[in-house]
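Beneath this line is the structure, given in structure tokens, with notes to follow.
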Amino acid sequence: MFRSRDTQRIALACGIIVAAGIAAYSNTLHAPFVFDGLTLQRRFAATTLSADPSTWFGVYPRTIGFFTFDLQNTLHGPWLPGFHAVNIAIHIIAALLLFAAVLVTCLGPRRPADVRRDAVWIALVAALFFELHPLQTQAVTYVYQRFESLMGMWFLAAVAAFAWAVRDDAAATRGRRGWFVAAWAAILLSVGTKEVGAVAPVVLLWYDRVFVASSWRELLARRWWFYAPALVLFAGAAAYLYAFREHYATGGIFDTERMSPLTYAGSQPEVICRYLRLAVWPSGLCLDWYWQPADTLWRIVPPTLVIFALLALVAWSIVWLPVVGFLLGSFFLILAPTSSILPIIDLAFEHRMYLPLAPLTVLAVLAGREALRRLPQRLLALTLPPAVGLGAAAIIAIALGATTYLRNEVYRSGLSLWRDIVAKSPANPRALATLAWHLELELGDTARAIELNRQALDIDPLLVSAHRGLAIMLHGSDRAAAIYHARYAVRLERSAENLSNLGIVLVEDSPGEAEALFRMAIELDPRFRSARLNLAKLLTLTGRAAEAEALLGEE
């Protein structure tokens with residue numbers, strides 16, 4: 001399939017992709033755990049994989065993603081550079097897989113001769129734009145969002161394996177079945193990492209019709225056996241979501257009591273328009289927008305008209321420009337599970353654009369290539385040499401990579417990250433409370449931290465983290481207020497952390513109640529080490545050192 005000259009170009013392209021990814025993310029290795037990553041960090045303190053293989057995949061859902069974290073924690077503990085290095089490697093591999101999928105597709109016999117000639121460069125530019133785009137930083141630098149990038153990597157692996165399996169050349173019959181099996185294995189790994197992976201069979205079906213089969217009848221006659229398992233997958237996914245509905249609702253997913261499907265659907269056109277704007281011009285990136293539901297016609301109607309226009313373009317392109325229809329349609333398909341009618345309490349997060357950005361970058365490269373080929377000829381009656389297009393692409397890729405590098409600097413510390421979030425989302429109570437925590441932790445600025453927590457409660461009186469923060473920060477200066485906020489936090493959320501914090505503020509005045517609270521925290525979450533240590537300290541101070549030693553020995 002590849003000539004020797006192509007092989008050299010492919011090797012060079014792969015080297016460029018690897019080097020560019022390392023350069024763009026080289027300043028992220030020591031970025032701390034933030035946001036949901038703090039929960040992950042607490043998990044690391046209590047969980048490693050035992051020698052019993054039956055426990056390796058014991059976390060549901062998103063089993064594969066948790067397994068990678070637990071495996072690393074077992075191998076090297078909570079060593080930050082290790083987790084970041086794996087995240088960067090996943091992202092680079094995803095870019096290489098996109099390169100492979102685009103390359104094989106462009107080399108297909110149904111592609112125009114000029115596309116086959118430029119296949120390596122088309123694939124390289126698309127992969128670089130995908131890899132270096134600053135919009136990807138949240139899914140790579142924010143350690144916890146490995147779930148998104150790893151799901152995307154497996155998804156792209158399925159596309160690449162399928163594209164290789166259906167290629168039409170003399171050597172295609174050798175190992176074809178193995179590539180089909182590899183595609184389904186990648187689909188299952190993608191679903192096991194994050195639920196969005198279930199869209200993969202639909203994308204592959206559409207790919208098959210656009211790039212391989214000449215009709216739907218031919219497609220189903222030749223490969224019905226490949227697509228039939230998708231029905232089982234969709235049925236199983238629906239049953240799985242229903243079985244774990246309480247787990248999802250706890251995390252604010254599919255919780256119709258807090259967010260109705262209609263409200264969510266009415267807000268998503270505005271969110272998707274923001275995603276598209278960031279894809280074109282990535283300025284104003286923010287880890288936590290705290291996006292509020294659309295509540296005015298101005299926020300609902302214009303964005304909805306834009307989305308309907310784009311969907312109409314997809315429908316028109318299916319007939320007249322099938323490649324454009326497939327790429328733009330795949331963007332909407334991949335985004336649909338998180339950006340349609342299934343309610344998620346957080347309406348917008350940049351990491352949801354990780355995989356949908358892939359078809360957009362390919363579409364942008366193809367559109368840019370056509371513009372450079374046709375417009376100068378029509379407007380100026382001249383033909384630009386290919387080097388002009390490659391030079392423009394190189395400038396864009398360098399600009400994207402430099403912007404990504406600078407964006408990653410924001411992740412240098414929790415303090416810099418949450419200051420950035422508050423600057424861009426000043427009415428975000430969650431950001432105010434988290435910034436308060438980092439001000440106290442990193443700078444010892446208790447007065448400012450208390451002020452920010454109170455601002456957060458003015459916006460959202462039921463914000464647990466703000467009550468919890470005030471309980472700890474006021475403990476030394478206003479014990480009555482500290483106890484009030486600690487009790488209120490427990491009333492809002494009966495978690496091990498809140499019970500333990502209430503015990504801390506009560507330990508001097510009511511050691512008996514504090515001891516009971518520490519024990520309840522341990523019973524609720526035996527892995528929550530802070531409660532165990534606090535209880536051991538209290539037992540020691542009350543003359544029960546042997547009991548404290550036995551308690552710590554149970555870890």
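Residue numbers start at 1 in each chain; chains themselves are named A, B, ... in the order of the structure tokens; ligands are numbered from 1 in the order shown.
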Give the alpha helix (DSSP H) residues of segment 214-348 of chain A, as DSSP finds them on the backbone, and put them as a PyMOL selection string. chain A and resi 216-243+245-250+261-280+297-320+322-335
Residues as selected, C-alpha atoms, written as a PDB file, in the first residue's frame, can you do that?
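Output file result-v3.pdb follows:
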```
ATOM      1  CA  TRP A 216     -26.370   0.733   1.930  1.00  0.00           C
ATOM      2  CA  ARG A 217     -27.370  -2.603   0.434  1.00  0.00           C
ATOM      3  CA  GLU A 218     -23.761  -3.455  -0.367  1.00  0.00           C
ATOM      4  CA  LEU A 219     -22.625  -2.315   3.061  1.00  0.00           C
ATOM      5  CA  LEU A 220     -25.114  -4.491   4.950  1.00  0.00           C
ATOM      6  CA  ALA A 221     -24.608  -7.456   2.664  1.00  0.00           C
ATOM      7  CA  ARG A 222     -20.833  -7.429   3.181  1.00  0.00           C
ATOM      8  CA  ARG A 223     -20.513  -6.383   6.822  1.00  0.00           C
ATOM      9  CA  TRP A 224     -23.817  -6.918   8.633  1.00  0.00           C
ATOM     10  CA  TRP A 225     -22.001  -9.259  11.016  1.00  0.00           C
ATOM     11  CA  PHE A 226     -19.712  -6.406  12.109  1.00  0.00           C
ATOM     12  CA  TYR A 227     -22.539  -3.995  12.926  1.00  0.00           C
ATOM     13  CA  ALA A 228     -24.976  -6.482  14.453  1.00  0.00           C
ATOM     14  CA  PRO A 229     -23.160  -6.549  17.826  1.00  0.00           C
ATOM     15  CA  ALA A 230     -23.807  -2.805  18.067  1.00  0.00           C
ATOM     16  CA  LEU A 231     -27.458  -3.564  18.820  1.00  0.00           C
ATOM     17  CA  VAL A 232     -26.345  -5.662  21.768  1.00  0.00           C
ATOM     18  CA  LEU A 233     -23.975  -2.893  22.833  1.00  0.00           C
ATOM     19  CA  PHE A 234     -26.705  -0.243  22.752  1.00  0.00           C
ATOM     20  CA  ALA A 235     -29.156  -2.461  24.645  1.00  0.00           C
ATOM     21  CA  GLY A 236     -26.497  -3.333  27.198  1.00  0.00           C
ATOM     22  CA  ALA A 237     -25.491   0.323  27.580  1.00  0.00           C
ATOM     23  CA  ALA A 238     -29.100   1.359  28.193  1.00  0.00           C
ATOM     24  CA  ALA A 239     -29.516  -1.400  30.785  1.00  0.00           C
ATOM     25  CA  TYR A 240     -26.224  -0.422  32.388  1.00  0.00           C
ATOM     26  CA  LEU A 241     -27.181   3.231  32.661  1.00  0.00           C
ATOM     27  CA  TYR A 242     -30.504   2.242  34.210  1.00  0.00           C
ATOM     28  CA  ALA A 243     -28.877  -0.161  36.677  1.00  0.00           C
ATOM     29  CA  ARG A 245     -28.829   5.427  37.650  1.00  0.00           C
ATOM     30  CA  GLU A 246     -28.397   6.221  41.344  1.00  0.00           C
ATOM     31  CA  HIS A 247     -24.612   6.342  40.955  1.00  0.00           C
ATOM     32  CA  TYR A 248     -24.920   8.714  38.007  1.00  0.00           C
ATOM     33  CA  ALA A 249     -27.509  10.879  39.771  1.00  0.00           C
ATOM     34  CA  THR A 250     -25.158  11.254  42.749  1.00  0.00           C
ATOM     35  CA  PRO A 261     -34.167  17.394  29.941  1.00  0.00           C
ATOM     36  CA  LEU A 262     -36.003  20.383  28.434  1.00  0.00           C
ATOM     37  CA  THR A 263     -33.925  22.917  30.354  1.00  0.00           C
ATOM     38  CA  TYR A 264     -30.744  21.080  29.445  1.00  0.00           C
ATOM     39  CA  ALA A 265     -31.681  20.830  25.764  1.00  0.00           C
ATOM     40  CA  GLY A 266     -32.593  24.513  25.654  1.00  0.00           C
ATOM     41  CA  SER A 267     -29.190  25.472  27.070  1.00  0.00           C
ATOM     42  CA  GLN A 268     -26.983  23.263  24.916  1.00  0.00           C
ATOM     43  CA  PRO A 269     -27.145  25.248  21.633  1.00  0.00           C
ATOM     44  CA  GLU A 270     -25.492  28.164  23.437  1.00  0.00           C
ATOM     45  CA  VAL A 271     -22.899  25.794  24.901  1.00  0.00           C
ATOM     46  CA  ILE A 272     -22.154  24.159  21.539  1.00  0.00           C
ATOM     47  CA  CYS A 273     -21.758  27.588  19.929  1.00  0.00           C
ATOM     48  CA  ARG A 274     -19.179  28.395  22.632  1.00  0.00           C
ATOM     49  CA  TYR A 275     -17.398  25.113  21.904  1.00  0.00           C
ATOM     50  CA  LEU A 276     -17.274  25.972  18.192  1.00  0.00           C
ATOM     51  CA  ARG A 277     -15.991  29.472  18.929  1.00  0.00           C
ATOM     52  CA  LEU A 278     -13.230  28.033  21.109  1.00  0.00           C
ATOM     53  CA  ALA A 279     -12.350  25.545  18.370  1.00  0.00           C
ATOM     54  CA  VAL A 280     -11.874  28.422  15.932  1.00  0.00           C
ATOM     55  CA  LEU A 297     -35.030  34.119  24.441  1.00  0.00           C
ATOM     56  CA  TRP A 298     -31.802  35.850  23.449  1.00  0.00           C
ATOM     57  CA  ARG A 299     -29.780  33.016  24.996  1.00  0.00           C
ATOM     58  CA  ILE A 300     -31.998  30.317  23.469  1.00  0.00           C
ATOM     59  CA  VAL A 301     -33.237  31.369  20.025  1.00  0.00           C
ATOM     60  CA  PRO A 302     -30.134  32.672  18.155  1.00  0.00           C
ATOM     61  CA  PRO A 303     -27.851  29.748  19.202  1.00  0.00           C
ATOM     62  CA  THR A 304     -30.620  27.262  18.371  1.00  0.00           C
ATOM     63  CA  LEU A 305     -30.950  28.766  14.891  1.00  0.00           C
ATOM     64  CA  VAL A 306     -27.184  28.403  14.404  1.00  0.00           C
ATOM     65  CA  ILE A 307     -27.278  24.734  15.408  1.00  0.00           C
ATOM     66  CA  PHE A 308     -30.294  24.052  13.175  1.00  0.00           C
ATOM     67  CA  ALA A 309     -28.453  25.715  10.283  1.00  0.00           C
ATOM     68  CA  LEU A 310     -25.418  23.491  10.870  1.00  0.00           C
ATOM     69  CA  LEU A 311     -27.603  20.381  11.070  1.00  0.00           C
ATOM     70  CA  ALA A 312     -29.286  21.444   7.826  1.00  0.00           C
ATOM     71  CA  LEU A 313     -25.799  21.745   6.315  1.00  0.00           C
ATOM     72  CA  VAL A 314     -25.069  18.191   7.477  1.00  0.00           C
ATOM     73  CA  ALA A 315     -28.295  16.943   5.846  1.00  0.00           C
ATOM     74  CA  TRP A 316     -27.503  18.755   2.586  1.00  0.00           C
ATOM     75  CA  SER A 317     -23.888  17.544   2.608  1.00  0.00           C
ATOM     76  CA  ILE A 318     -24.916  13.916   3.039  1.00  0.00           C
ATOM     77  CA  VAL A 319     -26.198  14.082  -0.538  1.00  0.00           C
ATOM     78  CA  TRP A 320     -23.880  16.621  -2.200  1.00  0.00           C
ATOM     79  CA  PRO A 322     -20.637  13.263   1.722  1.00  0.00           C
ATOM     80  CA  VAL A 323     -17.191  13.784   3.279  1.00  0.00           C
ATOM     81  CA  VAL A 324     -18.225  17.136   4.752  1.00  0.00           C
ATOM     82  CA  GLY A 325     -21.489  15.607   5.954  1.00  0.00           C
ATOM     83  CA  PHE A 326     -19.643  12.769   7.648  1.00  0.00           C
ATOM     84  CA  LEU A 327     -17.089  14.997   9.408  1.00  0.00           C
ATOM     85  CA  LEU A 328     -19.542  17.646  10.599  1.00  0.00           C
ATOM     86  CA  GLY A 329     -22.135  14.992  11.429  1.00  0.00           C
ATOM     87  CA  SER A 330     -19.574  13.008  13.453  1.00  0.00           C
ATOM     88  CA  PHE A 331     -18.902  16.138  15.502  1.00  0.00           C
ATOM     89  CA  PHE A 332     -22.573  16.291  16.494  1.00  0.00           C
ATOM     90  CA  LEU A 333     -22.843  12.517  16.987  1.00  0.00           C
ATOM     91  CA  ILE A 334     -19.889  12.329  19.372  1.00  0.00           C
ATOM     92  CA  LEU A 335     -21.076  15.389  21.279  1.00  0.00           C
TER      93      LEU A 335
END
```
Q.
Can you tell me which residues surround Glu515 of chain A at a distance of at most 8 Å, considering only C-alpha atoms, apart from same-chain residues fewer than 5 positions away, and format the answer as a list in words?
A.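 So, after excluding close chain neighbours, the residues are Gly503, Val507, Leu535 and Leu538 of chain A.
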Those same residues, written as a PDB file, in the first residue's frame with N, CA and C atoms?
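Ended up saving to result-v8.pdb:
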```pdb
ATOM      1  N   GLY A 503     -16.118  16.833  63.732  1.00  0.00           N
ATOM      2  CA  GLY A 503     -15.414  16.305  64.902  1.00  0.00           C
ATOM      3  C   GLY A 503     -14.232  17.172  65.292  1.00  0.00           C
ATOM      4  N   VAL A 507     -13.859  18.912  69.021  1.00  0.00           N
ATOM      5  CA  VAL A 507     -13.027  18.057  69.861  1.00  0.00           C
ATOM      6  C   VAL A 507     -12.662  18.720  71.188  1.00  0.00           C
ATOM      7  N   LEU A 535      -9.052  10.433  65.008  1.00  0.00           N
ATOM      8  CA  LEU A 535      -9.536   9.608  66.114  1.00  0.00           C
ATOM      9  C   LEU A 535      -8.370   9.057  66.930  1.00  0.00           C
ATOM     10  N   LEU A 538      -7.082  11.757  69.158  1.00  0.00           N
ATOM     11  CA  LEU A 538      -7.987  11.994  70.288  1.00  0.00           C
ATOM     12  C   LEU A 538      -7.846  10.886  71.328  1.00  0.00           C
TER      13      LEU A 538
END
```
Problem - Residues near segment 151-154 of chain A, cut-off 9 Å, only C-alpha atoms, skip fewer than 6 positions along chain, as a PyMOL selection string - result: chain A and resi 65+90-91+93-95+97-98+185-197+354-356
Print the selection's residues with C-alpha atoms to a file, as a PDB file, in the first residue's frame.
```
ATOM      1  CA  GLY A  65      -9.925   4.520  33.263  1.00  0.00           C
ATOM      2  CA  ILE A  90      -2.298   8.883  25.643  1.00  0.00           C
ATOM      3  CA  HIS A  91      -2.806  12.206  23.865  1.00  0.00           C
ATOM      4  CA  ILE A  93      -1.044   8.151  20.695  1.00  0.00           C
ATOM      5  CA  ALA A  94      -4.512   9.538  19.965  1.00  0.00           C
ATOM      6  CA  ALA A  95      -2.946  12.048  17.544  1.00  0.00           C
ATOM      7  CA  LEU A  97      -4.143   7.180  15.513  1.00  0.00           C
ATOM      8  CA  LEU A  98      -5.953  10.127  13.936  1.00  0.00           C
ATOM      9  CA  ALA A 185     -11.944  -4.511  21.009  1.00  0.00           C
ATOM     10  CA  ALA A 186     -11.141  -0.789  20.842  1.00  0.00           C
ATOM     11  CA  ILE A 187     -14.859   0.076  20.886  1.00  0.00           C
ATOM     12  CA  LEU A 188     -15.396  -1.959  24.052  1.00  0.00           C
ATOM     13  CA  LEU A 189     -12.341  -0.420  25.717  1.00  0.00           C
ATOM     14  CA  SER A 190     -13.631   3.028  24.777  1.00  0.00           C
ATOM     15  CA  VAL A 191     -17.058   2.311  26.302  1.00  0.00           C
ATOM     16  CA  GLY A 192     -15.358   0.837  29.379  1.00  0.00           C
ATOM     17  CA  THR A 193     -13.449   4.083  29.803  1.00  0.00           C
ATOM     18  CA  LYS A 194     -16.322   6.506  29.257  1.00  0.00           C
ATOM     19  CA  GLU A 195     -19.872   6.032  28.032  1.00  0.00           C
ATOM     20  CA  VAL A 196     -19.503   8.299  24.966  1.00  0.00           C
ATOM     21  CA  GLY A 197     -17.554   5.473  23.323  1.00  0.00           C
ATOM     22  CA  TYR A 354     -11.642  16.376  23.160  1.00  0.00           C
ATOM     23  CA  LEU A 355     -12.866  13.787  20.643  1.00  0.00           C
ATOM     24  CA  PRO A 356     -15.377  15.974  18.728  1.00  0.00           C
TER      25      PRO A 356
END
```
Compile the contact shell of segment 28-31 of chain A as a compact mmCIF listing (two decimals) with C-alpha atoms, in the first residue's frame: residues with an atom at most 8 Å away, counting only C-alpha atoms, same-chain residues fewer than 3 positions apart removed.
```
# COMPACT_ATOMS: atom_id res chain seq x y z
CA TYR A 25 3.03 19.58 27.25
CA LEU A 80 2.62 13.41 39.78
CA PRO A 81 5.06 13.24 36.83
CA GLY A 82 4.10 9.62 36.24
CA HIS A 84 1.07 13.41 33.67
CA ALA A 85 3.47 11.45 31.49
CA THR A 141 -3.21 18.46 31.82
CA ASN A 408 -0.59 24.81 30.64
CA GLU A 409 1.29 27.38 32.73
CA TYR A 411 -2.08 24.67 35.80
CA ARG A 412 1.25 25.24 37.58
CA SER A 413 -0.52 25.47 40.95
```
Open item on the list: Need to verify the contact set: Ala480 of chain A, 12 Å, only C-alpha atoms, exclusion of same-chain residues closer than 2 positions in sequence. Can you return it as a list in words?
Closed with: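 In the requested format, the answer is Leu470, Ala471, Ile472, Leu474, His475, Gly476, Ser477, Asp478, Ala482, Ile483, Tyr484, His485, Ala486, Arg487, Leu502, Val505, Leu506 and Asp509 of chain A.
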* Can you pull out every residue within 12 Å of Leu38 of chain A, counting only C-alpha atoms, but drop anything in the same chain fewer than 2 positions away, and send it as number ranges by chain? => A: 32-36, 40-45, 78, 142-144, 414, 434
Take the residues that were just selected and, keeping N, CA and C atoms, output them as a PDB file, in the first residue's frame.
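File produced: out.pdb:
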```
ATOM      1  N   PRO A  32      -0.310  20.168  39.866  1.00  0.00           N
ATOM      2  CA  PRO A  32      -0.901  19.391  40.978  1.00  0.00           C
ATOM      3  C   PRO A  32      -2.270  18.836  40.632  1.00  0.00           C
ATOM      4  N   PHE A  33      -2.717  17.917  41.472  1.00  0.00           N
ATOM      5  CA  PHE A  33      -4.085  17.427  41.371  1.00  0.00           C
ATOM      6  C   PHE A  33      -5.038  18.569  41.717  1.00  0.00           C
ATOM      7  N   VAL A  34      -6.048  18.781  40.900  1.00  0.00           N
ATOM      8  CA  VAL A  34      -7.019  19.841  41.152  1.00  0.00           C
ATOM      9  C   VAL A  34      -8.428  19.313  40.897  1.00  0.00           C
ATOM     10  N   PHE A  35      -9.396  20.015  41.472  1.00  0.00           N
ATOM     11  CA  PHE A  35     -10.808  19.744  41.227  1.00  0.00           C
ATOM     12  C   PHE A  35     -11.118  18.273  41.550  1.00  0.00           C
ATOM     13  N   ASP A  36     -11.692  17.520  40.611  1.00  0.00           N
ATOM     14  CA  ASP A  36     -11.979  16.106  40.871  1.00  0.00           C
ATOM     15  C   ASP A  36     -10.713  15.301  41.107  1.00  0.00           C
ATOM     16  N   LEU A  40      -9.437  11.862  43.474  1.00  0.00           N
ATOM     17  CA  LEU A  40      -8.579  10.795  42.975  1.00  0.00           C
ATOM     18  C   LEU A  40      -7.346  10.642  43.862  1.00  0.00           C
ATOM     19  N   GLN A  41      -6.783  11.750  44.296  1.00  0.00           N
ATOM     20  CA  GLN A  41      -5.614  11.714  45.159  1.00  0.00           C
ATOM     21  C   GLN A  41      -5.932  11.030  46.489  1.00  0.00           C
ATOM     22  N   ARG A  42      -7.112  11.309  47.044  1.00  0.00           N
ATOM     23  CA  ARG A  42      -7.510  10.632  48.283  1.00  0.00           C
ATOM     24  C   ARG A  42      -7.682   9.134  48.049  1.00  0.00           C
ATOM     25  N   ARG A  43      -8.164   8.786  46.860  1.00  0.00           N
ATOM     26  CA  ARG A  43      -8.290   7.369  46.526  1.00  0.00           C
ATOM     27  C   ARG A  43      -6.912   6.695  46.493  1.00  0.00           C
ATOM     28  N   PHE A  44      -5.913   7.400  45.972  1.00  0.00           N
ATOM     29  CA  PHE A  44      -4.573   6.833  45.900  1.00  0.00           C
ATOM     30  C   PHE A  44      -4.030   6.510  47.283  1.00  0.00           C
ATOM     31  N   ALA A  45      -4.417   7.313  48.275  1.00  0.00           N
ATOM     32  CA  ALA A  45      -3.897   7.104  49.626  1.00  0.00           C
ATOM     33  C   ALA A  45      -4.407   5.812  50.246  1.00  0.00           C
ATOM     34  N   PRO A  78       1.455   8.082  44.408  1.00  0.00           N
ATOM     35  CA  PRO A  78       0.887   9.330  43.874  1.00  0.00           C
ATOM     36  C   PRO A  78       1.959  10.270  43.326  1.00  0.00           C
ATOM     37  N   TYR A 142      -5.259  18.340  33.093  1.00  0.00           N
ATOM     38  CA  TYR A 142      -6.102  18.070  34.261  1.00  0.00           C
ATOM     39  C   TYR A 142      -6.171  16.545  34.399  1.00  0.00           C
ATOM     40  N   VAL A 143      -5.397  16.004  35.326  1.00  0.00           N
ATOM     41  CA  VAL A 143      -5.117  14.566  35.387  1.00  0.00           C
ATOM     42  C   VAL A 143      -6.389  13.727  35.360  1.00  0.00           C
ATOM     43  N   TYR A 144      -7.393  14.130  36.111  1.00  0.00           N
ATOM     44  CA  TYR A 144      -8.604  13.318  36.241  1.00  0.00           C
ATOM     45  C   TYR A 144      -9.293  13.089  34.903  1.00  0.00           C
ATOM     46  N   GLY A 414      -2.589  25.080  42.095  1.00  0.00           N
ATOM     47  CA  GLY A 414      -4.015  25.238  42.313  1.00  0.00           C
ATOM     48  C   GLY A 414      -4.392  26.696  42.441  1.00  0.00           C
ATOM     49  N   THR A 434     -13.164  27.245  46.201  1.00  0.00           N
ATOM     50  CA  THR A 434     -11.935  26.492  45.962  1.00  0.00           C
ATOM     51  C   THR A 434     -10.721  27.418  45.986  1.00  0.00           C
TER      52      THR A 434
END
```
**Request:** Would you please work out which residue, of A:Leu107, A:Val210, A:Ala200, A:Ile398, is nearest to Gly21 of chain A when using only C-alpha atoms?
**Result:**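 When distances to Gly21 of chain A are compared using only C-alpha atoms, the smallest one comes from A:Ile398.
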Atom CA of Leu524 of chain A sits from atom CA of Leu463 of chain A at a separation of 21.3 Å
* To one decimal place, how far is atom CA of Ala158 of chain A from atom CA of Cys106 of chain A in Å? ->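 Going from atom CA of Ala158 of chain A over to atom CA of Cys106 of chain A covers 17.1 Å.
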